[in-house]
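In what follows, a single structure is set out as structure tokens and then discussed.
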Amino acid sequence: MTSVSSTTSSSRVLPAKSWQHFLAGGLGGMCGAIVTSPFDVVKTRLQSSLFRENHASVGMVGGGVATLPQRSSGLLWNFVETGHILRDIYRDESPRALFKGLGPTLVGVIPARSINFFTYGNGKQIIANNFNHGQENSYVHLAAAAIAGIVTGSATNPIWVVKTRLQLTASERRHASSLSSVAPNVTKTPTSRIVGGSYAMIKQIFREEGVRGFYKGLSASYLGVTEGTIQWVLYERLKRLSADTQGRGGIAEWAGMLGSAGTAKCVASLITYPHEVLRTRLRQPHVNGVVKYTGLWQTLRTVIAEEGARSLYGGLSAHLMRVVPNAAVMYSIYEGLLRWGNDPASS
């Protein structure tokens, strides 16, 4: 009896037409990305070695590029560090730098979330109908989430490569020249090639690395499918636990939905976070014409050998400060649009 009622409750929430999953996922992803963009910039810099290796010498420049403060131990310091970097980026690079990479982020997030929610929302129904007598359970959710993650990662990886490169570049010509004079090993890329938008970055990647350059970090993205899988399965389970609030409307229903989405993302991120760092390292630009990180396992060994295992959690505070509210915003918009679209006529 319980399983039937759970299935009925779940199907009442997500019986939308296929295009509604696509539209709702894209809109939810767009809103979440805009709200939390500054934390995404900080997270990328904390994950990268380029803004960490030379922060002491670059700090003597006296402005231009926000650098990482001296690291300390303790969880509380991680959040303090995030605040310092947000302040320094705002002061030293301009408020616009807090949204660096937002263009390709939106170009990537909208199709990525649309594809992910479309594939998952429809995939779980197809899998349940064909392999589980029309009933959803955790195994159905797991299979649908894994397929959705692989499809999404394959389709959108080039966009994330461009976004990462943009977030790791200085924002003005004088910043690049200051870096090269004080810390010449940061980059040998000419200033004219550093400064530019997404189109200039796409041309640079294609010219220097070819088509394969746009698929750097894809192996780590596939490893990251586990995060999306854990998140979806946990979200569905938490949503069932709060099923008694569904249909009532008001604060209780939305609090249950926001709590389920935020908790699921937080747990999934904590479990799988190292893949984020590995993916960022794989997408870094060349340093002195040398590719430092060449593969998933080589990157893992290099990071641990040179920086210790703790570096695999670099930027975790900024990541959690971004993804937890991002997930809450995204899933609430997604669920709200599905319910609004199905409210009068769906059965």
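In the structure tokens, chains take letters A, B, ... by order of appearance, with residues numbered from 1 within each chain and ligands from 1 in the order shown.
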Spatial neighbours of Pro95 in chain A, max dist 12 Å, only C-alpha atoms, sep filter under 3 positions, as a list in words = Ser37, Pro38, Val41, Ala66, Leu86, Arg87, Asp88, Ile89, Tyr90, Arg91, Asp92, Leu98, Phe99, Lys100 and Ser171 of chain A
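Residues with any atom within 8 Å of Gly256 in chain A, counting only C-alpha atoms and excluding same-chain neighbours fewer than 3 positions away, are A:Lys239, A:Ser242, A:Thr245, A:Ala252, A:Glu253, A:Gly259, A:Ser260.
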Mind the document's chain letters and residue numbers, and return as a ChimeraX atom specification the residues of range 185-296 of chain A that DSSP labels helix (DSSP H, G or I).
-> /A:191-194,198-209,211-215,218-223,225-241,243-245,250-272,274-282,296
Write out the residues from the selection above, keeping C-alpha atoms, as a PDB file, in the first residue's frame.
ATOM      1  CA  THR A 191      48.030  39.705 -23.528  1.00  0.00           C
ATOM      2  CA  SER A 192      45.982  40.091 -26.678  1.00  0.00           C
ATOM      3  CA  ARG A 193      45.044  36.431 -26.448  1.00  0.00           C
ATOM      4  CA  ILE A 194      44.193  36.579 -22.752  1.00  0.00           C
ATOM      5  CA  SER A 198      33.957  33.559 -25.324  1.00  0.00           C
ATOM      6  CA  TYR A 199      34.459  33.692 -29.093  1.00  0.00           C
ATOM      7  CA  ALA A 200      38.118  34.675 -28.734  1.00  0.00           C
ATOM      8  CA  MET A 201      38.644  31.874 -26.228  1.00  0.00           C
ATOM      9  CA  ILE A 202      37.000  29.340 -28.542  1.00  0.00           C
ATOM     10  CA  LYS A 203      39.333  30.372 -31.374  1.00  0.00           C
ATOM     11  CA  GLN A 204      42.356  30.166 -29.081  1.00  0.00           C
ATOM     12  CA  ILE A 205      41.508  26.684 -27.834  1.00  0.00           C
ATOM     13  CA  PHE A 206      40.839  25.427 -31.354  1.00  0.00           C
ATOM     14  CA  ARG A 207      44.051  26.972 -32.708  1.00  0.00           C
ATOM     15  CA  GLU A 208      46.301  25.672 -29.926  1.00  0.00           C
ATOM     16  CA  GLU A 209      44.707  22.348 -29.014  1.00  0.00           C
ATOM     17  CA  VAL A 211      38.891  19.831 -31.293  1.00  0.00           C
ATOM     18  CA  ARG A 212      40.224  17.590 -28.516  1.00  0.00           C
ATOM     19  CA  GLY A 213      40.862  20.672 -26.395  1.00  0.00           C
ATOM     20  CA  PHE A 214      37.124  21.175 -26.000  1.00  0.00           C
ATOM     21  CA  TYR A 215      36.764  17.749 -24.405  1.00  0.00           C
ATOM     22  CA  LEU A 218      35.384  14.800 -19.953  1.00  0.00           C
ATOM     23  CA  SER A 219      36.676  11.765 -18.076  1.00  0.00           C
ATOM     24  CA  ALA A 220      36.288  13.660 -14.796  1.00  0.00           C
ATOM     25  CA  SER A 221      32.811  14.725 -15.905  1.00  0.00           C
ATOM     26  CA  TYR A 222      31.875  11.092 -16.386  1.00  0.00           C
ATOM     27  CA  LEU A 223      33.258  10.400 -12.933  1.00  0.00           C
ATOM     28  CA  VAL A 225      27.987  11.411 -13.018  1.00  0.00           C
ATOM     29  CA  THR A 226      28.025   9.776  -9.593  1.00  0.00           C
ATOM     30  CA  GLU A 227      27.244  13.162  -8.044  1.00  0.00           C
ATOM     31  CA  GLY A 228      24.167  13.706 -10.176  1.00  0.00           C
ATOM     32  CA  THR A 229      23.077  10.128  -9.590  1.00  0.00           C
ATOM     33  CA  ILE A 230      23.371  10.415  -5.802  1.00  0.00           C
ATOM     34  CA  GLN A 231      21.651  13.777  -5.901  1.00  0.00           C
ATOM     35  CA  TRP A 232      18.645  12.584  -7.896  1.00  0.00           C
ATOM     36  CA  VAL A 233      18.172   9.383  -5.889  1.00  0.00           C
ATOM     37  CA  LEU A 234      18.492  11.193  -2.576  1.00  0.00           C
ATOM     38  CA  TYR A 235      16.210  14.002  -3.741  1.00  0.00           C
ATOM     39  CA  GLU A 236      13.491  11.541  -4.735  1.00  0.00           C
ATOM     40  CA  ARG A 237      13.797   9.770  -1.397  1.00  0.00           C
ATOM     41  CA  LEU A 238      13.686  12.998   0.617  1.00  0.00           C
ATOM     42  CA  LYS A 239      10.776  14.202  -1.446  1.00  0.00           C
ATOM     43  CA  ARG A 240       8.853  11.068  -0.517  1.00  0.00           C
ATOM     44  CA  LEU A 241       9.645  11.611   3.154  1.00  0.00           C
ATOM     45  CA  ALA A 243       5.213  13.847   0.768  1.00  0.00           C
ATOM     46  CA  ASP A 244       2.708  14.764   3.469  1.00  0.00           C
ATOM     47  CA  THR A 245       3.398  18.442   2.766  1.00  0.00           C
ATOM     48  CA  GLY A 250       2.070  27.486   1.328  1.00  0.00           C
ATOM     49  CA  ILE A 251       5.337  27.612   3.246  1.00  0.00           C
ATOM     50  CA  ALA A 252       5.341  23.997   4.449  1.00  0.00           C
ATOM     51  CA  GLU A 253       5.254  22.512   0.957  1.00  0.00           C
ATOM     52  CA  TRP A 254       7.933  24.798  -0.455  1.00  0.00           C
ATOM     53  CA  ALA A 255      10.137  24.408   2.615  1.00  0.00           C
ATOM     54  CA  GLY A 256      10.021  20.646   2.155  1.00  0.00           C
ATOM     55  CA  MET A 257      10.938  20.971  -1.500  1.00  0.00           C
ATOM     56  CA  LEU A 258      13.765  23.440  -0.868  1.00  0.00           C
ATOM     57  CA  GLY A 259      15.108  21.350   1.990  1.00  0.00           C
ATOM     58  CA  SER A 260      15.051  18.165  -0.083  1.00  0.00           C
ATOM     59  CA  ALA A 261      16.869  19.805  -3.011  1.00  0.00           C
ATOM     60  CA  GLY A 262      19.488  21.562  -0.860  1.00  0.00           C
ATOM     61  CA  THR A 263      20.196  18.549   1.332  1.00  0.00           C
ATOM     62  CA  ALA A 264      20.505  16.182  -1.622  1.00  0.00           C
ATOM     63  CA  LYS A 265      22.975  18.483  -3.380  1.00  0.00           C
ATOM     64  CA  CYS A 266      25.015  19.070  -0.220  1.00  0.00           C
ATOM     65  CA  VAL A 267      25.428  15.359   0.513  1.00  0.00           C
ATOM     66  CA  ALA A 268      26.201  14.478  -3.111  1.00  0.00           C
ATOM     67  CA  SER A 269      28.785  17.260  -3.349  1.00  0.00           C
ATOM     68  CA  LEU A 270      30.563  16.261  -0.148  1.00  0.00           C
ATOM     69  CA  ILE A 271      30.851  12.657  -1.332  1.00  0.00           C
ATOM     70  CA  THR A 272      32.049  13.347  -4.871  1.00  0.00           C
ATOM     71  CA  PRO A 274      37.343  15.715  -5.678  1.00  0.00           C
ATOM     72  CA  HIS A 275      36.207  15.122  -9.258  1.00  0.00           C
ATOM     73  CA  GLU A 276      35.457  18.854  -9.505  1.00  0.00           C
ATOM     74  CA  VAL A 277      39.067  19.739  -8.686  1.00  0.00           C
ATOM     75  CA  LEU A 278      40.438  17.152 -11.119  1.00  0.00           C
ATOM     76  CA  ARG A 279      38.152  18.435 -13.856  1.00  0.00           C
ATOM     77  CA  THR A 280      39.246  22.046 -13.323  1.00  0.00           C
ATOM     78  CA  ARG A 281      42.929  21.058 -13.418  1.00  0.00           C
ATOM     79  CA  LEU A 282      42.409  19.138 -16.664  1.00  0.00           C
ATOM     80  CA  LEU A 296      42.433  11.702 -14.866  1.00  0.00           C
TER      81      LEU A 296
END
Excluding range 141-145 of chain A and residues on its chain fewer than 2 positions from it, collect all residues at most 6 Å away from it, counting only C-alpha atoms, and give them as a ChimeraX atom specification.
-> /A:120,123-124,138-139,147-148,229,233
Save the residues we just selected, N, CA, C and O atoms, as a compact mmCIF listing (two decimals), in the first residue's frame?
# COMPACT_ATOMS: atom_id res chain seq x y z
N TYR A 120 16.25 12.78 -17.55
CA TYR A 120 15.89 12.10 -16.30
C TYR A 120 14.38 11.97 -16.15
O TYR A 120 13.88 10.88 -15.85
N GLY A 123 13.23 9.66 -18.81
CA GLY A 123 13.92 8.38 -18.74
C GLY A 123 13.41 7.50 -17.62
O GLY A 123 13.25 6.28 -17.78
N LYS A 124 13.12 8.08 -16.47
CA LYS A 124 12.66 7.25 -15.35
C LYS A 124 11.29 6.65 -15.64
O LYS A 124 10.98 5.53 -15.22
N SER A 138 14.13 3.29 -6.23
CA SER A 138 15.47 3.88 -6.22
C SER A 138 16.34 3.38 -7.36
O SER A 138 17.19 4.11 -7.87
N TYR A 139 16.15 2.13 -7.78
CA TYR A 139 16.93 1.59 -8.88
C TYR A 139 16.57 2.28 -10.20
O TYR A 139 17.43 2.56 -11.04
N ILE A 147 22.13 7.81 -16.78
CA ILE A 147 21.99 8.07 -18.22
C ILE A 147 21.93 9.56 -18.49
O ILE A 147 22.58 10.08 -19.40
N ALA A 148 21.17 10.28 -17.67
CA ALA A 148 21.04 11.73 -17.85
C ALA A 148 22.38 12.42 -17.67
O ALA A 148 22.72 13.35 -18.40
N THR A 229 23.85 11.33 -9.91
CA THR A 229 23.08 10.13 -9.59
C THR A 229 22.68 10.11 -8.12
O THR A 229 21.52 9.88 -7.77
N VAL A 233 18.74 10.46 -6.71
CA VAL A 233 18.17 9.38 -5.89
C VAL A 233 17.82 9.89 -4.50
O VAL A 233 16.74 9.61 -3.96
One decimal, Å: what's the distance from CA of Gly103 in chain A over to CA of Val42 in chain A, could you say?
-> 16.2 Å
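Neighbours of Thr82 in chain A closer than or equal to 10 Å, with only C-alpha atoms counted and sequence neighbours fewer than 5 positions away skipped, come out as A:Phe39, A:Val42, A:Lys43, A:Leu46, A:Leu68, A:Pro69, A:Trp77, A:Arg87, A:Asp88, A:Gly315, A:Leu316, A:Ser317, A:Ala318, A:His319, A:Met321.
Taking CA of Cys31 in chain A as the reference point, CA of Val323 in chain A is found at 12.3 Å.
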